[in-house]
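One file, my_file12.csv, is given below (CSV, C-alpha atoms and all ligand atoms).
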```
chain,number,residue,atom,x,y,z
Q,1,MET,CA,24.6,14.1,-14.6
Q,2,THR,CA,24.3,12.0,-11.5
Q,3,HIS,CA,22.6,8.6,-11.7
Q,4,LYS,CA,22.0,8.3,-7.9
Q,5,THR,CA,19.1,10.6,-7.4
Q,6,TYR,CA,15.5,9.7,-7.9
Q,7,THR,CA,12.0,10.7,-6.8
Q,8,VAL,CA,8.7,8.8,-6.8
Q,9,LEU,CA,5.8,10.5,-8.4
Q,10,PRO,CA,2.9,10.9,-6.0
Q,11,ASP,CA,-0.8,10.4,-6.7
Q,12,ILE,CA,-0.5,7.3,-8.9
Q,13,HIS,CA,-3.0,5.2,-7.1
Q,14,ALA,CA,-2.6,1.4,-7.5
Q,15,GLY,CA,-0.6,2.1,-10.7
Q,16,MET,CA,-3.7,3.3,-12.6
Q,17,LEU,CA,-2.9,5.7,-15.4
Q,18,THR,CA,-4.9,7.2,-18.3
Q,19,PRO,CA,-3.4,7.9,-21.8
Q,20,ASP,CA,-3.5,11.6,-20.8
Q,21,ASN,CA,-1.5,10.8,-17.6
Q,22,LEU,CA,1.1,9.0,-19.8
Q,23,GLU,CA,1.4,11.9,-22.2
Q,24,ASN,CA,1.9,14.4,-19.3
Q,25,LEU,CA,4.5,12.1,-17.8
Q,26,ALA,CA,6.4,12.0,-21.2
Q,27,ALA,CA,6.3,15.8,-21.4
Q,28,LEU,CA,7.6,16.1,-17.9
Q,29,ALA,CA,10.4,13.6,-18.6
Q,30,ARG,CA,11.4,15.5,-21.7
Q,31,SER,CA,11.4,18.9,-20.0
Q,32,TYR,CA,13.7,17.7,-17.2
Q,33,ARG,CA,15.8,15.5,-19.6
Q,34,ILE,CA,15.0,12.5,-17.5
Q,35,PRO,CA,17.0,9.5,-18.8
Q,36,ARG,CA,14.8,6.7,-17.3
Q,37,MET,CA,11.5,6.2,-15.4
Q,38,LYS,CA,10.7,3.0,-13.6
Q,39,ILE,CA,7.6,1.2,-12.5
Q,40,THR,CA,8.2,0.3,-8.9
Q,41,SER,CA,7.1,-2.7,-7.0
Q,42,ALA,CA,4.7,-0.4,-5.2
Q,43,GLN,CA,2.8,0.3,-8.5
Q,44,ARG,CA,4.2,3.8,-8.7
Q,45,ILE,CA,6.6,5.5,-11.0
Q,46,ALA,CA,10.1,6.5,-10.0
Q,47,VAL,CA,11.9,9.3,-11.9
Q,48,LEU,CA,15.6,8.3,-12.1
Q,49,GLY,CA,18.9,10.0,-12.6
Q,50,LEU,CA,18.0,13.6,-12.0
Q,51,ALA,CA,20.7,16.2,-11.2
Q,52,PRO,CA,20.3,17.3,-7.5
Q,53,ASP,CA,19.1,20.8,-8.5
Q,54,ASP,CA,16.5,19.3,-10.9
Q,55,LEU,CA,15.4,16.8,-8.3
Q,56,GLN,CA,14.6,19.6,-5.9
Q,57,ALA,CA,12.9,21.7,-8.6
Q,58,LEU,CA,10.8,18.7,-9.8
Q,59,GLN,CA,9.8,17.8,-6.2
Q,60,ALA,CA,8.7,21.4,-5.5
Q,61,GLU,CA,6.8,21.5,-8.8
Q,62,LEU,CA,5.0,18.2,-7.9
Q,63,GLY,CA,4.5,19.2,-4.3
Q,64,ILE,CA,6.4,16.2,-2.9
Q,65,THR,CA,7.2,16.5,0.8
Q,66,SER,CA,10.1,14.9,2.4
Q,67,SER,CA,8.2,13.2,5.2
Q,68,PRO,CA,7.2,9.6,4.4
Q,69,PRO,CA,3.5,8.7,4.4
Q,70,HIS,CA,3.7,6.4,7.5
Q,71,THR,CA,4.7,9.4,9.7
Q,72,ARG,CA,1.6,11.3,8.6
Q,73,ASN,CA,-1.0,8.9,10.1
Q,74,ARG,CA,-1.3,7.1,6.7
Q,75,VAL,CA,-0.2,3.7,5.4
Q,76,HIS,CA,3.0,3.6,3.4
Q,77,TYR,CA,1.4,2.4,0.2
Q,78,VAL,CA,-1.5,0.4,-1.1
Q,79,GLN,CA,-1.1,-2.1,-3.9
Q,80,ALA,CA,-4.4,-3.1,-5.6
Q,81,CYS,CA,-5.1,-5.3,-8.5
Q,82,PRO,CA,-7.6,-4.6,-11.3
Q,83,GLY,CA,-10.2,-6.5,-9.3
Q,84,SER,CA,-13.8,-6.9,-10.4
Q,85,THR,CA,-13.7,-3.7,-12.4
Q,86,TRP,CA,-11.3,-5.0,-15.0
Q,87,CYS,CA,-10.3,-8.6,-14.3
Q,88,LYS,CA,-12.6,-11.5,-15.3
Q,89,HIS,CA,-11.6,-13.4,-12.1
Q,90,GLY,CA,-12.3,-10.5,-9.8
Q,91,VAL,CA,-15.0,-11.0,-7.2
Q,92,GLY,CA,-14.2,-7.9,-5.2
Q,93,ASP,CA,-13.6,-4.2,-6.1
Q,94,ALA,CA,-9.9,-4.1,-5.2
Q,95,LEU,CA,-9.3,-0.6,-6.7
Q,96,THR,CA,-12.1,1.1,-4.8
Q,97,VAL,CA,-11.3,-0.6,-1.5
Q,98,GLY,CA,-7.6,0.1,-2.0
Q,99,ARG,CA,-8.3,3.7,-2.6
Q,100,ARG,CA,-10.4,3.9,0.6
Q,101,LEU,CA,-7.5,2.3,2.6
Q,102,GLU,CA,-5.1,4.8,1.1
Q,103,GLN,CA,-7.2,7.7,2.4
Q,104,LEU,CA,-7.6,6.3,6.0
Q,105,GLU,CA,-6.8,8.8,8.7
Q,106,LEU,CA,-5.4,6.8,11.6
Q,107,ALA,CA,-5.2,7.6,15.3
Q,108,GLY,CA,-1.5,8.6,15.0
Q,109,PRO,CA,1.7,7.9,13.2
Q,110,LEU,CA,2.3,4.2,12.5
Q,111,PRO,CA,5.2,2.5,14.4
Q,112,ALA,CA,6.8,1.4,11.2
Q,113,LYS,CA,6.2,1.1,7.4
Q,114,VAL,CA,2.9,-0.5,6.6
Q,115,LYS,CA,2.4,-2.1,3.1
Q,116,VAL,CA,-1.1,-3.0,2.0
Q,117,GLY,CA,-2.0,-5.6,-0.7
Q,118,VAL,CA,-5.6,-5.7,-2.0
Q,119,SER,CA,-6.4,-8.6,-4.3
Q,120,GLY,CA,-9.7,-9.0,-6.1
Q,121,CYS,CA,-9.8,-12.8,-5.8
Q,122,ARG,CA,-8.1,-15.8,-4.2
Q,123,MET,CA,-5.3,-15.8,-6.8
Q,124,CYS,CA,-3.8,-12.9,-4.7
Q,125,CYS,CA,-1.9,-11.1,-7.4
Q,126,CYS,CA,-1.1,-8.4,-4.9
Q,127,GLU,CA,0.5,-10.9,-2.6
Q,128,SER,CA,-1.8,-10.1,0.2
Q,129,TRP,CA,-0.6,-12.8,2.6
Q,130,VAL,CA,2.9,-11.3,2.7
Q,131,ARG,CA,1.8,-7.7,3.2
Q,132,ASP,CA,1.4,-6.0,6.6
Q,133,VAL,CA,-2.3,-5.7,5.8
Q,134,GLY,CA,-3.7,-8.1,3.2
Q,135,LEU,CA,-7.1,-8.2,1.8
Q,136,ALA,CA,-8.3,-10.8,-0.7
Q,137,ALA,CA,-11.8,-11.1,-2.0
Q,138,GLU,CA,-13.6,-14.4,-1.8
Q,139,LYS,CA,-17.2,-15.2,-2.9
Q,140,LYS,CA,-18.4,-14.6,0.6
Q,141,GLY,CA,-16.5,-11.3,1.1
Q,142,TRP,CA,-13.1,-10.0,2.0
Q,143,ARG,CA,-10.5,-12.0,3.9
Q,144,LEU,CA,-8.3,-9.9,6.1
Q,145,SER,CA,-4.8,-10.9,7.2
Q,146,PHE,CA,-2.3,-8.9,9.3
Q,147,GLY,CA,1.4,-9.2,10.0
Q,148,GLY,CA,2.7,-10.5,6.7
Q,149,ASN,CA,6.1,-9.6,5.4
Q,150,GLY,CA,8.0,-10.5,2.3
Q,151,ALA,CA,11.5,-9.2,3.2
Q,152,GLY,CA,14.5,-10.7,4.9
Q,153,ARG,CA,12.5,-12.6,7.5
Q,154,PRO,CA,9.4,-13.5,5.5
Q,155,ARG,CA,6.1,-14.2,7.3
Q,156,ILE,CA,2.6,-15.2,6.2
Q,157,GLY,CA,0.1,-12.9,7.8
Q,158,ASP,CA,-2.4,-14.1,10.4
Q,159,LEU,CA,-6.0,-14.5,9.4
Q,160,VAL,CA,-8.1,-11.9,11.2
Q,161,ALA,CA,-11.5,-12.3,9.7
Q,162,GLN,CA,-13.4,-13.5,6.6
Q,163,GLY,CA,-16.7,-12.8,4.8
Q,164,LEU,CA,-16.4,-9.0,5.2
Q,165,SER,CA,-18.3,-6.5,3.2
Q,166,ASP,CA,-16.4,-3.5,1.7
Q,167,ASP,CA,-17.4,-1.3,4.6
Q,168,GLU,CA,-16.6,-4.0,7.2
Q,169,ALA,CA,-13.2,-4.6,5.7
Q,170,VAL,CA,-12.2,-0.9,5.7
Q,171,THR,CA,-13.5,-0.5,9.2
Q,172,LEU,CA,-11.6,-3.6,10.5
Q,173,VAL,CA,-8.4,-2.5,8.8
Q,174,LYS,CA,-8.6,0.9,10.5
Q,175,LYS,CA,-9.3,-0.8,13.9
Q,176,THR,CA,-6.4,-3.2,13.4
Q,177,LEU,CA,-3.9,-0.4,12.5
Q,178,ASN,CA,-5.1,1.7,15.4
Q,179,TYR,CA,-4.5,-1.2,17.8
Q,180,TYR,CA,-1.0,-1.6,16.2
Q,181,ILE,CA,-0.3,2.1,16.7
Q,182,GLN,CA,-1.4,1.8,20.3
Q,183,GLU,CA,0.4,-1.4,21.3
Q,184,ALA,CA,3.6,-1.7,19.1
Q,185,ARG,CA,7.0,-0.3,20.0
Q,186,CYS,CA,8.4,2.2,17.6
Q,187,LYS,CA,10.0,0.7,14.5
Q,188,THR,CA,8.4,-2.7,15.0
Q,189,ARG,CA,7.0,-4.0,11.8
Q,190,SER,CA,3.7,-5.8,12.0
Q,191,ALA,CA,5.2,-9.2,11.4
Q,192,ARG,CA,7.4,-8.9,14.5
Q,193,PHE,CA,4.6,-7.4,16.5
Q,194,MET,CA,2.3,-10.3,15.7
Q,195,GLU,CA,5.0,-12.8,16.7
Q,196,ARG,CA,5.0,-11.1,20.1
Q,197,VAL,CA,1.3,-10.5,20.6
Q,198,GLY,CA,-0.3,-13.5,18.8
Q,199,ILE,CA,-3.4,-13.6,16.7
Q,200,ASP,CA,-5.7,-14.7,19.6
Q,201,THR,CA,-4.9,-11.5,21.5
Q,202,LEU,CA,-5.4,-9.4,18.4
Q,203,LYS,CA,-8.7,-11.0,17.6
Q,204,LYS,CA,-9.9,-10.6,21.2
Q,205,ALA,CA,-9.0,-6.9,21.2
Q,206,LEU,CA,-10.7,-6.3,17.8
Q,207,LEU,CA,-13.6,-8.6,17.7
Q,208,GLY,CA,-14.3,-9.2,21.4
S,301,LIG,S1,-6.0,-11.2,-7.8
S,301,LIG,FE1,-7.7,-12.1,-9.0
S,301,LIG,S2,-8.9,-10.3,-9.6
S,301,LIG,FE2,-6.9,-9.5,-9.0
S,301,LIG,S3,-5.7,-9.4,-11.0
S,301,LIG,FE3,-5.3,-11.4,-9.9
S,301,LIG,S4,-6.7,-12.8,-10.9
S,301,LIG,FE4,-7.5,-10.7,-11.3
```
Produce structure tokens that represent the structure in this file.
Amino acid sequence: MTHKTYTVLPDIHAGMLTPDNLENLAALARSYRIPRMKITSAQRIAVLGLAPDDLQALQAELGITSSPPHTRNRVHYVQACPGSTWCKHGVGDALTVGRRLEQLELAGPLPAKVKVGVSGCRMCCCESWVRDVGLAAEKKGWRLSFGGNGAGRPRIGDLVAQGLSDDEAVTLVKKTLNYYIQEARCKTRSARFMERVGIDTLKKALLG
């Protein structure tokens, strides 16, 4: 058995699972003799150590396609915290807003990977400031930042707007990403794009 193949299970939204989901996952793991599963930093579950034939069979069974989400007019992944639904500190419904962002249909394929962090309060458990798109709920509404990155050249995202309702936040994220699609060179992450363009230009284009 190889230990160098893995696949990430689709349709685990913001890491939310029911007991039934967990039982089904355990049954799947047993039927494929999967040695380990891992909770990833993107709040999904990776199935590790599959033999190549089993990997293909499992992916086919789960309907996993080889093209990554950001080439299909969608963001790469959305992390969302328990928010006001489950957390006593939550002032915004991070799970619902996160799910809506996951479903956004954009104007075209994104120039590069886009990670989204949606936090239900200012404690920012989903590290919104260092995500390409960051939303954090405050008492007056959502705060949107863009151009954050937590990798080799970390960057704090630029503040785009504050005091947004759920609908306004989702609409402004879509507008921001469509501007990025239109203006950024291929493979330019949002952090590098914002270093070139600057927050004033972005705000002028988005907010007038
Ligand atoms: S960001 Fe706030 S609402 Fe979300 S899990 Fe953390 S403390 Fe709770």
Å distance separating atom FE1 of ligand LIG 301 (chain S) from CA of Arg143 (chain Q), one decimal place: 13.2 Å
Non-local contacts of region 168-170 of chain Q (12 Å; only C-alpha atoms; under 3 positions in same chain excluded) as a VMD selection string: chain Q and resid 92 to 94 96 to 106 116 118 133 to 137 141 to 145 160 to 165 173 to 177 207
Which value, in Å to one decimal, gives the distance between CA of Val197 (chain Q) and CA of Asp132 (chain Q)?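 Computing it gives 14.7 Å between the two atoms.
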Can you list, as a list in words, every protein, DNA or RNA residue that comes within 7 Å of Glu138 (chain Q) when you count all atoms listed in the file, leaving out same-chain residues fewer than 6 positions away? Val91, Cys121 and Arg122 of chain Q
Neighbours of ligand LIG 301 (chain S) at 7 Å or closer, counting all atoms listed in the file: which residues, as a PDB file with C-alpha atoms, in the frame of the given file?
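Done, and the output landed in part.pdb:
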```
ATOM      1  CA  CYS Q  81      -5.100  -5.300  -8.500  1.00  0.00           C
ATOM      2  CA  PRO Q  82      -7.600  -4.600 -11.300  1.00  0.00           C
ATOM      3  CA  GLY Q  83     -10.200  -6.500  -9.300  1.00  0.00           C
ATOM      4  CA  SER Q  84     -13.800  -6.900 -10.400  1.00  0.00           C
ATOM      5  CA  CYS Q  87     -10.300  -8.600 -14.300  1.00  0.00           C
ATOM      6  CA  LYS Q  88     -12.600 -11.500 -15.300  1.00  0.00           C
ATOM      7  CA  HIS Q  89     -11.600 -13.400 -12.100  1.00  0.00           C
ATOM      8  CA  GLY Q  90     -12.300 -10.500  -9.800  1.00  0.00           C
ATOM      9  CA  VAL Q  91     -15.000 -11.000  -7.200  1.00  0.00           C
ATOM     10  CA  SER Q 119      -6.400  -8.600  -4.300  1.00  0.00           C
ATOM     11  CA  GLY Q 120      -9.700  -9.000  -6.100  1.00  0.00           C
ATOM     12  CA  CYS Q 121      -9.800 -12.800  -5.800  1.00  0.00           C
ATOM     13  CA  ARG Q 122      -8.100 -15.800  -4.200  1.00  0.00           C
ATOM     14  CA  MET Q 123      -5.300 -15.800  -6.800  1.00  0.00           C
ATOM     15  CA  CYS Q 124      -3.800 -12.900  -4.700  1.00  0.00           C
ATOM     16  CA  CYS Q 125      -1.900 -11.100  -7.400  1.00  0.00           C
ATOM     17  CA  CYS Q 126      -1.100  -8.400  -4.900  1.00  0.00           C
TER      18      CYS Q 126
END
```
Name the residues in contact with Gly15 (chain Q) at a cut-off of 9 Å, using all atoms listed in the file, excluding same-chain residues fewer than 4 positions from it; report them as a PyMOL selection string. chain Q and resi 39+42-45+79-81
